file final-v4.cif (mmCIF, C-alpha atoms (C1' of nucleotides))
data_work
#
loop_
_atom_site.group_PDB
_atom_site.id
_atom_site.type_symbol
_atom_site.label_atom_id
_atom_site.label_comp_id
_atom_site.auth_asym_id
_atom_site.auth_seq_id
_atom_site.Cartn_x
_atom_site.Cartn_y
_atom_site.Cartn_z
ATOM 1 C CA MET A 1 0.107 2.039 6.263
ATOM 2 C CA PRO A 2 2.441 1.394 3.427
ATOM 3 C CA GLU A 3 3.572 3.992 0.937
ATOM 4 C CA GLY A 4 7.307 4.712 0.804
ATOM 5 C CA HIS A 5 7.278 7.117 3.733
ATOM 6 C CA VAL A 6 6.179 4.245 6.007
ATOM 7 C CA THR A 7 8.997 1.978 4.840
ATOM 8 C CA HIS A 8 11.625 4.661 5.427
ATOM 9 C CA ARG A 9 10.122 5.551 8.773
ATOM 10 C CA ILE A 10 10.236 1.919 9.935
ATOM 11 C CA ALA A 11 13.810 1.471 8.670
ATOM 12 C CA GLY A 12 14.801 4.419 10.861
ATOM 13 C CA GLU A 13 12.969 2.950 13.830
ATOM 14 C CA LEU A 14 14.653 -0.449 13.369
ATOM 15 C CA ASN A 15 18.082 1.210 13.172
ATOM 16 C CA ARG A 16 17.429 3.228 16.325
ATOM 17 C CA GLN A 17 16.097 0.273 18.310
ATOM 18 C CA PHE A 18 18.259 -2.589 17.039
ATOM 19 C CA GLY A 19 21.349 -0.994 15.462
ATOM 20 C CA ARG A 20 24.544 -2.845 16.406
ATOM 21 C CA ARG A 21 22.725 -5.041 18.917
ATOM 22 C CA GLU A 22 22.573 -8.811 19.162
ATOM 23 C CA VAL A 23 19.042 -10.045 18.536
ATOM 24 C CA ARG A 24 16.848 -13.047 19.234
ATOM 25 C CA SER A 25 14.808 -13.989 16.197
ATOM 26 C CA THR A 26 11.854 -16.377 15.937
ATOM 27 C CA SER A 27 8.929 -17.143 13.655
ATOM 28 C CA PRO A 28 5.870 -17.567 15.939
ATOM 29 C CA GLN A 29 3.665 -18.317 12.918
ATOM 30 C CA GLY A 30 6.226 -20.744 11.501
ATOM 31 C CA ARG A 31 6.146 -18.996 8.116
ATOM 32 C CA PHE A 32 9.608 -17.411 8.130
ATOM 33 C CA ASP A 33 12.175 -20.217 8.076
ATOM 34 C CA ALA A 34 15.128 -17.857 7.993
ATOM 35 C CA ALA A 35 14.249 -16.401 11.390
ATOM 36 C CA ALA A 36 16.636 -18.989 12.859
ATOM 37 C CA VAL A 37 19.455 -17.955 10.501
ATOM 38 C CA VAL A 38 19.397 -14.461 11.959
ATOM 39 C CA ASP A 39 18.998 -15.549 15.589
ATOM 40 C CA GLY A 40 21.970 -14.581 17.765
ATOM 41 C CA ARG A 41 23.517 -12.228 15.194
ATOM 42 C CA GLU A 42 24.175 -8.538 15.444
ATOM 43 C CA PHE A 43 21.690 -6.357 13.568
ATOM 44 C CA GLU A 44 23.620 -4.026 11.288
ATOM 45 C CA LEU A 45 21.368 -1.896 9.130
ATOM 46 C CA ALA A 46 17.854 -1.496 7.759
ATOM 47 C CA GLU A 47 17.632 0.261 4.409
ATOM 48 C CA ALA A 48 14.545 1.270 2.420
ATOM 49 C CA PHE A 49 14.198 1.375 -1.376
ATOM 50 C CA GLY A 50 10.739 2.603 -2.265
ATOM 51 C CA LYS A 51 8.304 0.206 -0.602
ATOM 52 C CA HIS A 52 10.976 -2.489 -0.182
ATOM 53 C CA MET A 53 13.198 -2.882 2.859
ATOM 54 C CA TYR A 54 16.409 -4.858 3.395
ATOM 55 C CA LEU A 55 17.878 -5.737 6.798
ATOM 56 C CA ARG A 56 21.548 -6.597 7.197
ATOM 57 C CA PHE A 57 23.071 -8.813 9.903
ATOM 58 C CA GLU A 58 26.688 -9.536 10.811
ATOM 59 C CA ASP A 59 28.552 -12.198 8.793
ATOM 60 C CA LEU A 60 25.596 -12.903 6.527
ATOM 61 C CA ASP A 61 25.612 -12.232 2.787
ATOM 62 C CA GLU A 62 21.868 -12.670 2.508
ATOM 63 C CA GLN A 63 19.596 -9.930 3.780
ATOM 64 C CA VAL A 64 16.048 -10.034 5.104
ATOM 65 C CA HIS A 65 13.769 -8.636 2.400
ATOM 66 C CA ILE A 66 10.477 -7.158 3.548
ATOM 67 C CA HIS A 67 7.533 -5.750 1.617
ATOM 68 C CA LEU A 68 4.483 -4.802 3.653
ATOM 69 C CA GLY A 69 1.904 -5.138 0.894
ATOM 70 C CA LEU A 70 -1.458 -3.630 1.729
ATOM 71 C CA ILE A 71 -1.923 -4.726 5.319
ATOM 72 C CA GLY A 72 1.537 -5.614 6.573
ATOM 73 C CA LYS A 73 2.510 -3.910 9.798
ATOM 74 C CA PHE A 74 5.369 -3.597 12.283
ATOM 75 C CA PHE A 75 4.664 -3.492 15.999
ATOM 76 C CA PHE A 76 7.230 -2.367 18.556
ATOM 77 C CA PHE A 77 7.045 -3.388 22.203
ATOM 78 C CA ALA A 78 9.108 -2.262 25.165
ATOM 79 C CA GLU A 79 8.766 -5.700 26.775
ATOM 80 C CA ALA A 80 10.961 -8.588 25.667
ATOM 81 C CA ASP A 81 8.127 -11.049 25.184
ATOM 82 C CA PRO A 82 4.675 -9.805 24.162
ATOM 83 C CA ALA A 83 3.681 -13.429 23.440
ATOM 84 C CA THR A 84 1.699 -12.947 20.261
ATOM 85 C CA GLU A 85 1.181 -15.952 18.039
ATOM 86 C CA ASN A 86 0.175 -14.452 14.705
ATOM 87 C CA ALA A 87 3.490 -12.756 13.957
ATOM 88 C CA ARG A 88 5.412 -13.795 10.868
ATOM 89 C CA TRP A 89 8.641 -12.653 12.487
ATOM 90 C CA ARG A 90 9.570 -11.574 15.989
ATOM 91 C CA MET A 91 12.910 -10.000 16.826
ATOM 92 C CA SER A 92 14.033 -8.773 20.223
ATOM 93 C CA ALA A 93 17.082 -7.353 21.953
ATOM 94 C CA LEU A 94 17.895 -7.244 25.652
ATOM 95 C CA ASP A 95 18.827 -4.421 28.012
ATOM 96 C CA PRO A 96 16.998 -2.281 27.289
ATOM 97 C CA ASP A 97 14.314 -4.726 26.214
ATOM 98 C CA VAL A 98 12.771 -4.098 22.827
ATOM 99 C CA THR A 99 10.752 -6.389 20.582
ATOM 100 C CA MET A 100 9.341 -5.950 17.117
ATOM 101 C CA GLU A 101 6.735 -8.085 15.395
ATOM 102 C CA LEU A 102 5.972 -8.197 11.700
ATOM 103 C CA ARG A 103 2.474 -9.265 10.679
ATOM 104 C CA GLY A 104 0.666 -9.547 7.365
ATOM 105 C CA ALA A 105 3.611 -8.709 5.108
ATOM 106 C CA THR A 106 3.542 -9.746 1.447
ATOM 107 C CA ILE A 107 7.272 -10.550 1.518
ATOM 108 C CA CYS A 108 9.476 -11.577 4.442
ATOM 109 C CA ALA A 109 12.310 -13.766 3.224
ATOM 110 C CA LEU A 110 16.067 -14.122 3.087
ATOM 111 C CA SER A 111 17.392 -12.625 -0.132
ATOM 112 C CA SER A 112 20.732 -13.162 -1.888
ATOM 113 C CA PRO A 113 22.861 -10.167 -2.961
ATOM 114 C CA ALA A 114 21.951 -10.936 -6.594
ATOM 115 C CA ASP A 115 18.219 -10.999 -5.800
ATOM 116 C CA LYS A 116 18.500 -7.730 -3.923
ATOM 117 C CA GLU A 117 20.400 -6.093 -6.758
ATOM 118 C CA ARG A 118 17.786 -7.233 -9.270
ATOM 119 C CA THR A 119 14.909 -5.909 -7.188
ATOM 120 C CA VAL A 120 16.526 -2.557 -6.442
ATOM 121 C CA ALA A 121 17.576 -2.149 -10.083
ATOM 122 C CA SER A 122 13.978 -2.673 -11.173
ATOM 123 C CA LEU A 123 12.819 0.376 -9.210
ATOM 124 C CA GLY A 124 12.672 3.939 -10.428
ATOM 125 C CA PRO A 125 14.133 6.844 -8.417
ATOM 126 C CA ASP A 126 12.915 7.086 -4.819
ATOM 127 C CA PRO A 127 12.211 10.704 -3.818
ATOM 128 C CA LEU A 128 13.295 9.821 -0.268
ATOM 129 C CA ARG A 129 16.791 8.746 -1.308
ATOM 130 C CA PRO A 130 19.556 11.320 -1.819
ATOM 131 C CA ASP A 131 21.060 9.211 -4.629
ATOM 132 C CA ALA A 132 17.832 9.310 -6.673
ATOM 133 C CA ASP A 133 18.097 10.464 -10.280
ATOM 134 C CA PRO A 134 14.806 12.057 -11.344
ATOM 135 C CA ASP A 135 15.826 12.096 -15.013
ATOM 136 C CA VAL A 136 15.254 8.327 -15.139
ATOM 137 C CA ALA A 137 11.615 8.912 -14.184
ATOM 138 C CA ARG A 138 11.345 11.890 -16.510
ATOM 139 C CA ALA A 139 12.510 9.869 -19.510
ATOM 140 C CA ARG A 140 10.150 6.973 -18.763
ATOM 141 C CA ILE A 141 7.154 9.277 -18.379
ATOM 142 C CA ARG A 142 7.881 11.351 -21.462
ATOM 143 C CA LYS A 143 7.995 8.336 -23.761
ATOM 144 C CA SER A 144 4.831 6.720 -22.395
ATOM 145 C CA ALA A 145 1.330 6.794 -23.841
ATOM 146 C CA SER A 146 -0.130 5.671 -20.494
ATOM 147 C CA PRO A 147 -2.050 8.175 -18.358
ATOM 148 C CA ILE A 148 0.102 10.012 -15.827
ATOM 149 C CA GLY A 149 -2.305 8.732 -13.156
ATOM 150 C CA VAL A 150 -1.221 5.189 -14.048
ATOM 151 C CA LEU A 151 2.482 6.065 -14.300
ATOM 152 C CA MET A 152 2.492 7.665 -10.843
ATOM 153 C CA MET A 153 1.642 4.233 -9.387
ATOM 154 C CA ASP A 154 4.352 2.431 -11.364
ATOM 155 C CA GLN A 155 7.294 1.598 -9.084
ATOM 156 C CA LYS A 156 9.614 1.619 -12.131
ATOM 157 C CA ILE A 157 8.853 5.354 -12.420
ATOM 158 C CA PHE A 158 8.708 6.619 -8.824
ATOM 159 C CA ALA A 159 9.692 4.077 -6.162
ATOM 160 C CA GLY A 160 7.633 4.529 -3.005
ATOM 161 C CA VAL A 161 4.796 6.608 -4.432
ATOM 162 C CA GLY A 162 1.345 5.114 -3.831
ATOM 163 C CA ASN A 163 -2.309 5.994 -4.142
ATOM 164 C CA ILE A 164 -2.327 8.968 -1.756
ATOM 165 C CA TYR A 165 0.784 10.710 -3.082
ATOM 166 C CA ARG A 166 -0.459 10.091 -6.644
ATOM 167 C CA ALA A 167 -3.783 11.812 -6.065
ATOM 168 C CA GLU A 168 -2.412 14.631 -3.960
ATOM 169 C CA THR A 169 0.591 15.669 -6.062
ATOM 170 C CA LEU A 170 -1.416 15.612 -9.302
ATOM 171 C CA PHE A 171 -4.006 17.817 -7.607
ATOM 172 C CA ARG A 172 -1.409 20.211 -6.187
ATOM 173 C CA HIS A 173 -0.101 20.845 -9.710
ATOM 174 C CA ASN A 174 -3.447 20.912 -11.537
ATOM 175 C CA ILE A 175 -2.539 17.935 -13.703
ATOM 176 C CA ASP A 176 -5.246 15.845 -15.392
ATOM 177 C CA PRO A 177 -4.672 12.238 -14.234
ATOM 178 C CA MET A 178 -5.849 10.927 -17.619
ATOM 179 C CA MET A 179 -3.300 12.888 -19.660
ATOM 180 C CA ALA A 180 -0.720 10.694 -21.402
ATOM 181 C CA GLY A 181 2.727 10.832 -19.781
ATOM 182 C CA ARG A 182 4.320 11.893 -23.050
ATOM 183 C CA PHE A 183 2.430 15.195 -22.909
ATOM 184 C CA LEU A 184 3.745 16.128 -19.459
ATOM 185 C CA ARG A 185 5.849 19.282 -19.695
ATOM 186 C CA ASN A 186 9.340 19.396 -18.198
ATOM 187 C CA ALA A 187 8.228 22.118 -15.821
ATOM 188 C CA GLU A 188 5.325 19.936 -14.694
ATOM 189 C CA PHE A 189 7.610 16.979 -14.134
ATOM 190 C CA ASP A 190 9.976 19.162 -12.107
ATOM 191 C CA ALA A 191 7.063 20.403 -10.014
ATOM 192 C CA LEU A 192 5.869 16.842 -9.316
ATOM 193 C CA TRP A 193 9.340 15.608 -8.406
ATOM 194 C CA ASP A 194 10.127 18.620 -6.199
ATOM 195 C CA ASP A 195 6.778 18.171 -4.482
ATOM 196 C CA LEU A 196 7.476 14.496 -3.712
ATOM 197 C CA VAL A 197 10.937 15.421 -2.407
ATOM 198 C CA GLU A 198 9.304 18.003 -0.138
ATOM 199 C CA LEU A 199 6.207 16.073 0.992
ATOM 200 C CA MET A 200 7.524 12.550 1.507
ATOM 201 C CA PRO A 201 10.106 13.455 4.200
ATOM 202 C CA LEU A 202 7.276 15.156 6.096
ATOM 203 C CA GLY A 203 5.406 11.854 5.856
ATOM 204 C CA VAL A 204 8.443 10.047 7.276
ATOM 205 C CA ARG A 205 8.737 12.586 10.088
ATOM 206 C CA ASP A 206 5.040 12.683 11.000
ATOM 207 C CA GLY A 207 3.937 9.149 10.133
ATOM 208 C CA ARG A 208 1.012 10.511 8.098
ATOM 209 C CA ILE A 209 0.442 12.278 4.808
ATOM 210 C CA ASP A 210 -0.483 15.963 5.016
ATOM 211 C CA THR A 211 -0.705 17.893 1.775
ATOM 212 C CA VAL A 212 -3.044 20.844 2.358
ATOM 213 C CA ARG A 213 -1.371 24.242 2.017
ATOM 214 C CA PRO A 214 -2.014 26.802 4.786
ATOM 215 C CA GLU A 215 -4.150 28.981 2.501
ATOM 216 C CA HIS A 216 -6.567 26.049 1.982
ATOM 217 C CA SER A 217 -6.760 24.999 5.628
ATOM 218 C CA PRO A 218 -10.152 24.693 7.359
ATOM 219 C CA GLU A 219 -9.499 28.012 9.116
ATOM 220 C CA ALA A 220 -8.963 29.765 5.791
ATOM 221 C CA THR A 221 -11.756 28.165 3.766
ATOM 222 C CA GLY A 222 -14.340 26.793 6.201
ATOM 223 C CA ARG A 223 -14.130 23.456 4.331
ATOM 224 C CA ASP A 224 -12.940 20.270 5.985
ATOM 225 C CA PRO A 225 -10.095 18.308 4.443
ATOM 226 C CA ARG A 226 -10.185 14.574 4.958
ATOM 227 C CA VAL A 227 -8.437 13.720 8.207
ATOM 228 C CA ASP A 228 -8.158 10.107 9.259
ATOM 229 C CA LYS A 229 -5.664 7.497 10.377
ATOM 230 C CA HIS A 230 -5.034 6.554 6.758
ATOM 231 C CA GLY A 231 -4.479 9.757 4.917
ATOM 232 C CA GLY A 232 -3.838 12.687 7.225
ATOM 233 C CA GLU A 233 -5.018 16.053 5.948
ATOM 234 C CA VAL A 234 -5.511 15.884 2.187
ATOM 235 C CA TYR A 235 -7.153 17.679 -0.767
ATOM 236 C CA VAL A 236 -8.787 14.838 -2.690
ATOM 237 C CA TYR A 237 -7.880 11.349 -1.431
ATOM 238 C CA ARG A 238 -11.096 9.591 -0.309
ATOM 239 C CA ARG A 239 -13.041 12.866 -0.490
ATOM 240 C CA ALA A 240 -15.364 11.801 -3.356
ATOM 241 C CA GLY A 241 -18.440 14.034 -3.507
ATOM 242 C CA GLN A 242 -17.107 16.507 -0.976
ATOM 243 C CA PRO A 243 -16.359 20.075 -2.072
ATOM 244 C CA CYS A 244 -12.878 20.780 -3.457
ATOM 245 C CA LEU A 245 -10.864 22.749 -0.893
ATOM 246 C CA VAL A 246 -9.856 25.222 -3.591
ATOM 247 C CA CYS A 247 -12.905 25.696 -5.845
ATOM 248 C CA GLY A 248 -15.822 23.875 -4.168
ATOM 249 C CA THR A 249 -16.522 21.477 -7.061
ATOM 250 C CA PRO A 250 -17.471 17.982 -5.812
ATOM 251 C CA ILE A 251 -14.435 15.687 -5.935
ATOM 252 C CA SER A 252 -14.598 12.955 -8.609
ATOM 253 C CA THR A 253 -13.538 9.346 -8.339
ATOM 254 C CA THR A 254 -12.890 6.472 -10.723
ATOM 255 C CA GLU A 255 -10.785 3.339 -10.836
ATOM 256 C CA LEU A 256 -7.368 3.779 -12.453
ATOM 257 C CA ALA A 257 -4.497 1.260 -12.256
ATOM 258 C CA SER A 258 -6.782 -0.992 -10.177
ATOM 259 C CA ARG A 259 -7.043 1.625 -7.429
ATOM 260 C CA ASN A 260 -9.509 4.354 -6.608
ATOM 261 C CA LEU A 261 -8.357 7.639 -8.037
ATOM 262 C CA PHE A 262 -9.647 10.978 -6.719
ATOM 263 C CA TRP A 263 -9.391 14.309 -8.519
ATOM 264 C CA CYS A 264 -11.099 17.656 -9.099
ATOM 265 C CA LYS A 265 -12.478 18.092 -12.611
ATOM 266 C CA HIS A 266 -12.311 21.880 -12.321
ATOM 267 C CA CYS A 267 -8.793 22.230 -10.872
ATOM 268 C CA GLN A 268 -7.405 19.400 -13.047
ATOM 269 C CA PRO A 269 -9.269 19.981 -16.315
ATOM 270 C CA ARG A 270 -9.293 17.433 -19.121
ATOM 271 C CA SER A 271 -6.128 17.995 -21.117
ATOM 272 C CA ARG A 272 -6.466 18.539 -24.886
ATOM 273 C CA ARG A 273 -2.702 18.605 -25.303
ATOM 274 C CA ARG A 274 -1.422 16.865 -28.450
ATOM 275 C CA SER A 275 2.302 17.503 -28.006
ATOM 276 C CA VAL A 276 4.948 19.048 -25.768
ATOM 277 C CA ARG A 277 7.316 21.699 -27.040
ATOM 278 C CA ASP A 278 9.696 22.025 -24.093
ATOM 279 C "C1'" DC B 1 -7.419 -9.934 -17.956
ATOM 280 C "C1'" DG B 2 -9.503 -10.628 -13.059
ATOM 281 C "C1'" DA B 3 -9.415 -13.091 -8.606
ATOM 282 C "C1'" DT B 4 -6.806 -14.223 -4.574
ATOM 283 C "C1'" DG B 5 -4.221 -13.799 -0.431
ATOM 284 C "C1'" DA B 6 -1.353 -11.966 3.360
ATOM 285 C "C1'" DT B 7 -4.636 -9.707 8.127
ATOM 286 C "C1'" DG B 8 -6.355 -5.747 11.013
ATOM 287 C "C1'" DA B 9 -8.368 -1.190 11.921
ATOM 288 C "C1'" DG B 10 -11.677 2.287 10.889
ATOM 289 C "C1'" DC B 11 -16.076 3.275 9.894
ATOM 290 C "C1'" DA B 12 -20.733 3.048 7.575
ATOM 291 C "C1'" DC B 13 -24.871 0.663 8.328
ATOM 292 C "C1'" DT C 1 -21.560 -7.117 10.779
ATOM 293 C "C1'" DG C 2 -19.285 -6.393 6.668
ATOM 294 C "C1'" DC C 3 -16.815 -3.474 3.437
ATOM 295 C "C1'" DT C 4 -12.704 -0.882 2.369
ATOM 296 C "C1'" DC C 5 -7.834 -0.274 1.943
ATOM 297 C "C1'" DC C 6 -1.480 3.612 1.747
ATOM 298 C "C1'" DT C 7 0.318 -3.409 -2.312
ATOM 299 C "C1'" DC C 8 1.842 -6.667 -5.381
ATOM 300 C "C1'" DA C 9 3.149 -11.529 -6.483
ATOM 301 C "C1'" DT C 10 0.900 -15.413 -8.217
ATOM 302 C "C1'" DC C 11 -2.410 -18.174 -10.467
ATOM 303 C "C1'" DG C 12 -6.155 -19.467 -13.573
ATOM 304 C "C1'" DC C 13 -8.957 -18.312 -17.774
#

call {"tool": "encode", "arguments": {"input": "final-v4.cif", "output": "structure tokens"}}
result
Amino acid sequence: MPEGHVTHRIAGELNRQFGRREVRSTSPQGRFDAAAVVDGREFELAEAFGKHMYLRFEDLDEQVHIHLGLIGKFFFFAEADPATENARWRMSALDPDVTMELRGATICALSSPADKERTVASLGPDPLRPDADPDVARARIRKSASPIGVLMMDQKIFAGVGNIYRAETLFRHNIDPMMAGRFLRNAEFDALWDDLVELMPLGVRDGRIDTVRPEHSPEATGRDPRVDKHGGEVYVYRRAGQPCLVCGTPISTTELASRNLFWCKHCQPRSRRRSVRD
DNA sequence: CGATGATGAGCAC
DNA sequence: TGCTCCTCATCGC
């Protein structure tokens, strides 16, 4: 589930379901001590920063910090007591009954204002936040010798971007994933940023990642994009060996930044660039 | 640097 | 049945 669009989508869901309501809070698994600290308080606000989320409660300086990791998941139930035992955290509100359960998260802990500030300050601009300053990401990329395919996964560059958005936005702008960040042109950076700002809200709205332009749809090309519960409709992500939706070349894959990268060698040719002049 | 661990669904075999 | 995975903190070599 979890690239930034999922975090923002869940924050919205929590605000809709629990906003300004008194909650019951427990830790069925016994691995979230602070569940009791929150119990009986009014839920104020869930806010997402990249893949991190912070939940605020009345009269409490600390906030609940959540990071889903790879397999963490929220479940929402209409009944007050679904009686599951493997949840790290369960929170419910009455009338109308609603319950959420958090399972498998990497982080679920109470966090001081100083801790929160440190974590948020360590993140690069989040394309889903209106206060994001893309020039911070631009500067970090343009001084880096690391491949852009590595930098796209770095949360200090783009908060919230993960393996699918990395592969898909680089493809959509014909950028070689192996090219050093310092050779990325300003126009290319602008195109990547604008694309994230356009695509990620669609991911929040739809709960899946769709990146294929109408002119490359199955109807237009007769080629099937990958469509599954993970990725939505995409050009290259997990399509290794299948024909590129634009040129038909088999999609390539390799490991980059400890994750499987997918790209088209024809549409994203090996860059021979030695400098940038813009 | 690589392995591990949170834990569950989809899917290839 | 078993492998993969939209992640990343932590630990051992």

call {"tool": "resolve_selection", "arguments": {"input": "final-v4.cif", "expression": "the PyMOL selection byres ((chain A) within 10 of (chain B))", "output": "mmCIF file with C-alpha atoms, in the coordinates of the input"}}
result
data_model
loop_
_atom_site.group_PDB
_atom_site.id
_atom_site.type_symbol
_atom_site.label_atom_id
_atom_site.label_comp_id
_atom_site.auth_asym_id
_atom_site.auth_seq_id
_atom_site.Cartn_x
_atom_site.Cartn_y
_atom_site.Cartn_z
ATOM 1 C CA LEU A 68 4.483 -4.802 3.653
ATOM 2 C CA GLY A 69 1.904 -5.138 0.894
ATOM 3 C CA LEU A 70 -1.458 -3.630 1.729
ATOM 4 C CA ILE A 71 -1.923 -4.726 5.319
ATOM 5 C CA GLY A 72 1.537 -5.614 6.573
ATOM 6 C CA LYS A 73 2.510 -3.910 9.798
ATOM 7 C CA ASN A 86 0.175 -14.452 14.705
ATOM 8 C CA ARG A 103 2.474 -9.265 10.679
ATOM 9 C CA GLY A 104 0.666 -9.547 7.365
ATOM 10 C CA ALA A 105 3.611 -8.709 5.108
ATOM 11 C CA THR A 106 3.542 -9.746 1.447
ATOM 12 C CA ILE A 107 7.272 -10.550 1.518
ATOM 13 C CA ASP A 228 -8.158 10.107 9.259
ATOM 14 C CA LYS A 229 -5.664 7.497 10.377
ATOM 15 C CA HIS A 230 -5.034 6.554 6.758
#

call {"tool": "resolve_selection", "arguments": {"input": "final-v4.cif", "expression": "the PyMOL selection byres ((chain A and resi 113-122) around 9)", "output": "mmCIF file with C-alpha atoms, in the coordinates of the input"}}
result
data_model
loop_
_atom_site.group_PDB
_atom_site.id
_atom_site.type_symbol
_atom_site.label_atom_id
_atom_site.label_comp_id
_atom_site.auth_asym_id
_atom_site.auth_seq_id
_atom_site.Cartn_x
_atom_site.Cartn_y
_atom_site.Cartn_z
ATOM 1 C CA PHE A 49 14.198 1.375 -1.376
ATOM 2 C CA GLY A 50 10.739 2.603 -2.265
ATOM 3 C CA HIS A 52 10.976 -2.489 -0.182
ATOM 4 C CA TYR A 54 16.409 -4.858 3.395
ATOM 5 C CA ASP A 61 25.612 -12.232 2.787
ATOM 6 C CA GLU A 62 21.868 -12.670 2.508
ATOM 7 C CA GLN A 63 19.596 -9.930 3.780
ATOM 8 C CA HIS A 65 13.769 -8.636 2.400
ATOM 9 C CA SER A 111 17.392 -12.625 -0.132
ATOM 10 C CA SER A 112 20.732 -13.162 -1.888
ATOM 11 C CA LEU A 123 12.819 0.376 -9.210
ATOM 12 C CA GLY A 124 12.672 3.939 -10.428
ATOM 13 C CA GLN A 155 7.294 1.598 -9.084
ATOM 14 C CA LYS A 156 9.614 1.619 -12.131
#

call {"tool": "atom_distance", "arguments": {"input": "final-v4.cif", "atom1": "CA of Gln29 in chain A", "atom2": "CA of Ala109 in chain A"}}
result
13.8 Å

call {"tool": "resolve_selection", "arguments": {"input": "final-v4.cif", "expression": "the PyMOL selection byres ((chain C) within 7 of (chain A))", "output": "PyMOL selection string"}}
result
chain C and resi 6-8

call {"tool": "residues_around", "arguments": {"input": "final-v4.cif", "residues": "Ala139 in chain A", "least_positions_apart": "6", "cutoff": "12 Å", "atoms": "only C-alpha atoms (C1' of nucleotides)", "output": "PyMOL selection string"}}
result
chain A and resi 124-125+133+151+156-158+181-186+189

call {"tool": "residues_around", "arguments": {"input": "final-v4.cif", "residues": "Arg41 in chain A", "least_positions_apart": "2", "cutoff": "10 Å", "atoms": "all atoms listed in the file", "output": "ChimeraX atom specification"}}
result
/A:20-25,36-39,43-44,56-60

call {"tool": "atom_distance", "arguments": {"input": "final-v4.cif", "atom1": "CA of Glu85 in chain A", "atom2": "CA of Gly30 in chain A"}}
result
9.5 Å

call {"tool": "axis_aligned_box", "arguments": {"input": "final-v4.cif", "around": "range 3-13 of chain B", "padding_each_side": "4 Å", "output": "JSON"}}
result
{"center_x": -13.1, "center_y": -5.5, "center_z": 1.7, "size_x": 31.5, "size_y": 25.5, "size_z": 28.5}

call {"tool": "residues_near_point", "arguments": {"input": "final-v4.cif", "point": "(4.9, 15.4, 6.6)", "cutoff": "12 Å", "atoms": "all atoms listed in the file", "output": "number ranges by chain"}}
result
A: 5-6, 9, 165, 195-213, 231-234

call {"tool": "residues_around", "arguments": {"input": "final-v4.cif", "residues": "Leu55 in chain A", "least_positions_apart": "2", "cutoff": "6 Å", "atoms": "all atoms listed in the file", "output": "list in words"}}
result
Leu45, Ala46, Gln63 and Val64 of chain A

call {"tool": "closest_residue", "arguments": {"input": "final-v4.cif", "among": "A:Asp278, A:Glu255, A:Asp126, A:Glu168", "to": "Tyr235 in chain A", "atoms": "all atoms listed in the file"}}
result
A:Glu168

call {"tool": "residues_around", "arguments": {"input": "final-v4.cif", "residues": "Pro218 in chain A", "least_positions_apart": "2", "cutoff": "12 Å", "atoms": "all atoms listed in the file", "output": "MDAnalysis selection string"}}
result
chainID A and resid 212:216 220:227 233:235 244:246

call {"tool": "atom_distance", "arguments": {"input": "final-v4.cif", "atom1": "CA of Met178 in chain A", "atom2": "CA of Arg270 in chain A"}}
result
7.5 Å
